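A quick write-up on the structure given underneath.
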Amino acid sequence: MNAPSAYVLLEDGTRFDGDACGADAHVTGEVVFTTGMSGYQESVTDPSFAGQLLAFSYPHIGNYGISERAMESDRIWARGVIMRAAVNREDAPEAERGWLDWLLDCGIPAITGVDTRRLVRHIREAGAMRGGIFPARISESEARDLIAAEPSMVGADFAKVVTPEAAHTLGYGGDVRIAAIDTGIKGSIVRHLTARGAEVTLYPCTVTAEELLATDAHGFFLANGPGDPAALDYVVDNVRQLIGKRPVWGICLGHQLLCRAVGLDTEKLPFGHRGGNHPVKDLRTGKIEITSQNHGFAVKAPDGGLRIEADEPVRWETDFGAAALTHVNLYDRTVEGLQLLDVNSATVQYHPEAGPGPNDALYQFDRFLDAVRSA
């Protein structure tokens with residue numbers, strides 16, 4: 001039996017051996033896991049994974065290859081990939097190349113043969129933490145020093161890392177114009193908006209409220225993205241000036257930023273929500289949606305904790321009037337959506353675009369655009 005050629009080391013000293021299958025380099029970052037059974041290409045190209053090493057809980061990754069259609073941005077944002085049984089298939093329908101060949105060409109370190117079940121259980125118990133993927137030639141003592149030098153995700157501003165340098169418009173000529181603050185928006189979100197008749201202009205996250213209000217946008221959209229919402233006060237300050245002027249909608253990080261803008265707090269979750277199988281209850285309809293999620297922070301409940309115990313539209317008193325809970329996560333009872341009752345603004349924590357994931361929540365795009373058109 002050959003000796004392992006690489007290993008994963010966590011900051012608490014826990015080690016997982018495996019075999020290198022990507023770029024011949026080491027990498028550090030926050031180690032997180034996703035429970036998605038497919039959509040590996042969409043996951044690693046989601047800007048929300050910037051600064052993170054992504055472990056897949058599903059064992060076989062790479063079965064259907066890589067295609068241009070599955071890109072959520074123009075590059076891989078996950079710093080490294082951890083797998084149980086990596087596959088390099090090129091012969092699947094629509095495959096344009098092999099998964100491992102693509103990771104290698106993109107310079108992404110990856111490891112296979114890892115006991116990902118043990119890794120996921122450890123993160124669930126100990127929480128997401130810093131770690132790294134290392135070739136066997138790097139000693140554990142050197143690896144520990146490299147991990148210790150990696151900044152914490154708490155307080156990290158990755159929005160400025162993933163945001164575009166200049167504004168640009170997609171779906172030009174649509175009947176409703178949306179100005180989006182791009183803190184790491186996924187391509188499928190834009191596609192769902194434009195497919196419903198929206199013209200979407202993506203602005204750098206440093207755009208000011210004055211600049212946005214000077215546009216002819218009918219509504220404002222706050223995107224998903226990576227990092228700690230508490231590190232984005234410059235975005236929050238601008239969002240505060242948009243609320244009440246025109247409809248504002250936020251998803252994922254945008255949900256957290258809108259909530260902070262109205263005076264609510266956020267907190268880091270122990271290991272976050274990442275995957276395409278999270279049950280969320282819509283308190284307005286009573287229906288349960290299976291949703292796609294990718295976030296490590298959550299909005300605090302009215303009592304200051306993270307759990308909402310009752311399936312009721314509990315309320316917060318905010319700087320812009322009352323807000324009512326609209327969605328609750330049925331795994332851990334965290335806040336998944338709210339609506340401001342005195343101004344035209346609402347949020348959801350999950351990813352309604354289903355890229356990857358189920359289609360249960362696609363109606364959210366219609367609900368948002370209907371609210372903008374009616375305004």
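Each chain in the structure tokens gets a letter, A, B and so on, in the order shown; residues start at 1 in every chain, and ligands are counted from 1 in the order they appear.
Residues surrounding Arg75 of chain A within 12 Å are Gln41, Glu42, Ser43, Val44, Thr45, Asp46, Pro47, Phe49, Ala50, Glu68, Ala70, Met71, Arg79, Trp102, Leu103, Asp105, Cys106, Gly107, Ile108, Val162, Gly184, Lys186 and Gly187 of chain A [only C-alpha atoms; sequence separation below 4 positions excluded].
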Practice problem: Could you give me, as a PyMOL selection string, the residues within 10 Å of Phe33 of chain A, counting only C-alpha atoms and dropping anything in the same chain fewer than 6 positions from it? | Solution: chain A and resi 52-58+81-82+116+119-120+123-124+128+271-275+294
Practice problem: Kindly indicate which residue among A:Leu283, A:Leu232, A:Ile76, A:Val154 lies nearest to Phe297 of chain A, using only C-alpha atoms for the distances. | Solution: A:Val154
Self-check item: helix (DSSP H, G or I) call set, DSSP backbone run, segment 184-317 of chain A, as number ranges by chain
Solution: A: 187-195, 209-213, 229-231, 233-242, 253-261
Same residues, C-alpha atoms, output as a PDB file, in the first residue's frame:
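File written: out_3.pdb
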ATOM      1  CA  GLY A 187     -24.599  33.702 -12.536  1.00  0.00           C
ATOM      2  CA  SER A 188     -27.784  31.673 -12.133  1.00  0.00           C
ATOM      3  CA  ILE A 189     -29.320  34.431  -9.984  1.00  0.00           C
ATOM      4  CA  VAL A 190     -28.820  36.943 -12.771  1.00  0.00           C
ATOM      5  CA  ARG A 191     -30.153  34.456 -15.331  1.00  0.00           C
ATOM      6  CA  HIS A 192     -33.373  33.946 -13.362  1.00  0.00           C
ATOM      7  CA  LEU A 193     -33.908  37.690 -13.081  1.00  0.00           C
ATOM      8  CA  THR A 194     -33.246  38.436 -16.735  1.00  0.00           C
ATOM      9  CA  ALA A 195     -35.375  35.468 -17.857  1.00  0.00           C
ATOM     10  CA  ALA A 209     -26.219  55.045  -2.107  1.00  0.00           C
ATOM     11  CA  GLU A 210     -26.084  58.393  -3.890  1.00  0.00           C
ATOM     12  CA  GLU A 211     -24.842  56.713  -7.050  1.00  0.00           C
ATOM     13  CA  LEU A 212     -27.549  54.058  -6.904  1.00  0.00           C
ATOM     14  CA  LEU A 213     -30.352  56.501  -6.180  1.00  0.00           C
ATOM     15  CA  PRO A 229     -21.546  40.596   7.160  1.00  0.00           C
ATOM     16  CA  ALA A 230     -20.316  42.472  10.249  1.00  0.00           C
ATOM     17  CA  ALA A 231     -17.198  43.415   8.267  1.00  0.00           C
ATOM     18  CA  ASP A 233     -20.418  48.290   7.456  1.00  0.00           C
ATOM     19  CA  TYR A 234     -19.683  50.410   4.377  1.00  0.00           C
ATOM     20  CA  VAL A 235     -22.274  48.367   2.441  1.00  0.00           C
ATOM     21  CA  VAL A 236     -24.723  48.395   5.365  1.00  0.00           C
ATOM     22  CA  ASP A 237     -24.512  52.199   5.636  1.00  0.00           C
ATOM     23  CA  ASN A 238     -25.400  52.552   1.966  1.00  0.00           C
ATOM     24  CA  VAL A 239     -28.238  50.025   2.186  1.00  0.00           C
ATOM     25  CA  ARG A 240     -29.767  52.041   5.028  1.00  0.00           C
ATOM     26  CA  GLN A 241     -30.095  54.964   2.646  1.00  0.00           C
ATOM     27  CA  LEU A 242     -31.853  52.816   0.020  1.00  0.00           C
ATOM     28  CA  LEU A 253     -25.322  37.639   2.464  1.00  0.00           C
ATOM     29  CA  GLY A 254     -27.712  40.261   1.101  1.00  0.00           C
ATOM     30  CA  HIS A 255     -30.328  39.062   3.602  1.00  0.00           C
ATOM     31  CA  GLN A 256     -27.831  39.549   6.415  1.00  0.00           C
ATOM     32  CA  LEU A 257     -26.770  42.984   5.157  1.00  0.00           C
ATOM     33  CA  LEU A 258     -30.349  44.216   4.842  1.00  0.00           C
ATOM     34  CA  CYS A 259     -31.104  42.949   8.340  1.00  0.00           C
ATOM     35  CA  ARG A 260     -28.049  44.712   9.752  1.00  0.00           C
ATOM     36  CA  ALA A 261     -29.091  47.860   7.900  1.00  0.00           C
TER      37      ALA A 261
END
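Excluding Met153 of chain A itself and same-chain residues fewer than 3 positions from it, the residues having an atom within 9 Å of it are Gly29, Glu30, Gly51, Gln52, Met129, Arg130, Ala156, Asp157, Gly227 and Asp228 of chain A, counting only C-alpha atoms.
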Exercise. Quote the spacing between atom CA of Asp175 of chain A and atom CA of Ala361 of chain A in Å to one decimal place.
Key: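 A separation of 22.9 Å between them.
The space separating atom CA of Val328 of chain A from atom CA of Pro279 of chain A comes to 8.7 Å.
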Residues of segment 92-160 of chain A classed as strand (DSSP E or B) by DSSP on the backbone are to be reported as a compact mmCIF listing (two decimals) with all heavy atoms, in the first residue's frame.
# COMPACT_ATOMS: atom_id res chain seq x y z
N ARG A 97 -14.81 18.34 -20.33
CA ARG A 97 -13.49 17.90 -19.86
C ARG A 97 -13.65 17.24 -18.51
O ARG A 97 -14.73 17.20 -17.93
CB ARG A 97 -12.52 19.07 -19.78
CG ARG A 97 -12.92 20.15 -18.80
CD ARG A 97 -11.88 21.25 -18.81
NE ARG A 97 -10.55 20.68 -18.92
CZ ARG A 97 -9.42 21.37 -18.83
NH1 ARG A 97 -9.48 22.66 -18.64
NH2 ARG A 97 -8.25 20.79 -18.92
N ALA A 110 -6.19 19.82 -4.45
CA ALA A 110 -7.30 18.94 -4.13
C ALA A 110 -6.76 17.65 -3.57
O ALA A 110 -5.61 17.27 -3.82
CB ALA A 110 -8.16 18.67 -5.37
N ILE A 111 -7.61 16.97 -2.80
CA ILE A 111 -7.19 15.72 -2.17
C ILE A 111 -8.35 14.74 -2.22
O ILE A 111 -9.51 15.12 -2.06
CB ILE A 111 -6.74 15.98 -0.71
CG1 ILE A 111 -6.21 14.69 -0.06
CG2 ILE A 111 -7.83 16.61 0.12
CD1 ILE A 111 -5.55 14.94 1.29
N THR A 112 -8.05 13.47 -2.50
CA THR A 112 -9.05 12.41 -2.52
C THR A 112 -8.61 11.30 -1.57
O THR A 112 -7.49 11.31 -1.07
CB THR A 112 -9.26 11.87 -3.94
OG1 THR A 112 -10.36 10.95 -3.94
CG2 THR A 112 -8.01 11.17 -4.46
N MET A 129 -13.52 25.50 11.11
CA MET A 129 -12.28 26.08 11.61
C MET A 129 -11.27 26.20 10.48
O MET A 129 -11.46 25.67 9.38
CB MET A 129 -11.71 25.23 12.75
CG MET A 129 -11.28 23.83 12.32
SD MET A 129 -10.75 22.81 13.72
CE MET A 129 -12.34 22.37 14.42
N ARG A 130 -10.19 26.88 10.77
CA ARG A 130 -9.12 27.00 9.79
C ARG A 130 -8.42 25.66 9.60
O ARG A 130 -8.40 24.82 10.50
CB ARG A 130 -8.11 28.06 10.23
CG ARG A 130 -8.66 29.46 10.30
CD ARG A 130 -7.68 30.42 10.93
NE ARG A 130 -7.35 30.02 12.31
CZ ARG A 130 -6.43 30.61 13.04
NH1 ARG A 130 -5.73 31.63 12.56
NH2 ARG A 130 -6.20 30.20 14.28
N GLY A 131 -7.85 25.48 8.44
CA GLY A 131 -7.12 24.26 8.15
C GLY A 131 -6.40 24.38 6.83
O GLY A 131 -6.32 25.48 6.26
N GLY A 132 -5.90 23.27 6.32
CA GLY A 132 -5.19 23.32 5.06
C GLY A 132 -5.05 21.97 4.41
O GLY A 132 -5.24 20.93 5.06
N ILE A 133 -4.77 21.99 3.12
CA ILE A 133 -4.40 20.80 2.35
C ILE A 133 -2.91 20.90 2.08
O ILE A 133 -2.44 21.93 1.58
CB ILE A 133 -5.18 20.73 1.03
CG1 ILE A 133 -6.68 20.69 1.28
CG2 ILE A 133 -4.73 19.52 0.21
CD1 ILE A 133 -7.51 20.81 0.00
N PHE A 134 -2.17 19.84 2.41
CA PHE A 134 -0.71 19.90 2.32
C PHE A 134 -0.15 18.66 1.64
O PHE A 134 -0.59 17.54 1.94
CB PHE A 134 -0.10 20.01 3.73
CG PHE A 134 -0.58 21.19 4.51
CD1 PHE A 134 -1.63 21.06 5.42
CD2 PHE A 134 -0.01 22.44 4.34
CE1 PHE A 134 -2.09 22.15 6.13
CE2 PHE A 134 -0.46 23.53 5.04
CZ PHE A 134 -1.51 23.39 5.94
N PRO A 135 0.82 18.84 0.74
CA PRO A 135 1.56 17.69 0.22
C PRO A 135 2.31 17.01 1.37
O PRO A 135 2.68 17.66 2.35
CB PRO A 135 2.53 18.31 -0.79
CG PRO A 135 2.00 19.67 -1.08
CD PRO A 135 1.30 20.11 0.15
Exercise. Excluding Leu222 of chain A and any residue of its chain fewer than 6 positions from it, enumerate the residues within 6 Å of it, using only C-alpha atoms, and give them as a ChimeraX atom specification.
Key: /A:180-181,250,254
Quiz item: Skipping near chain neighbours, those fewer than 2 positions away, what residues fall within 12 Å of Pro59 of chain A using only C-alpha atoms, listed as JSON, numbers by chain?
Solution: {"A": [34, 35, 36, 37, 38, 40, 55, 56, 57, 61, 62, 63, 82, 83, 84, 85, 86, 87, 112, 113, 114, 115, 116, 117, 120]}
Exercise. Grab the atom CA of Gly276 of chain A to atom CA of Val32 of chain A distance for me, in Å with one decimal place.
Key: 14.8 Å
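In this comparison, which uses only C-alpha atoms, the residue of A:Glu353, A:Glu140, A:Glu317, A:Glu309 approaching Asn329 of chain A most closely is A:Glu309.
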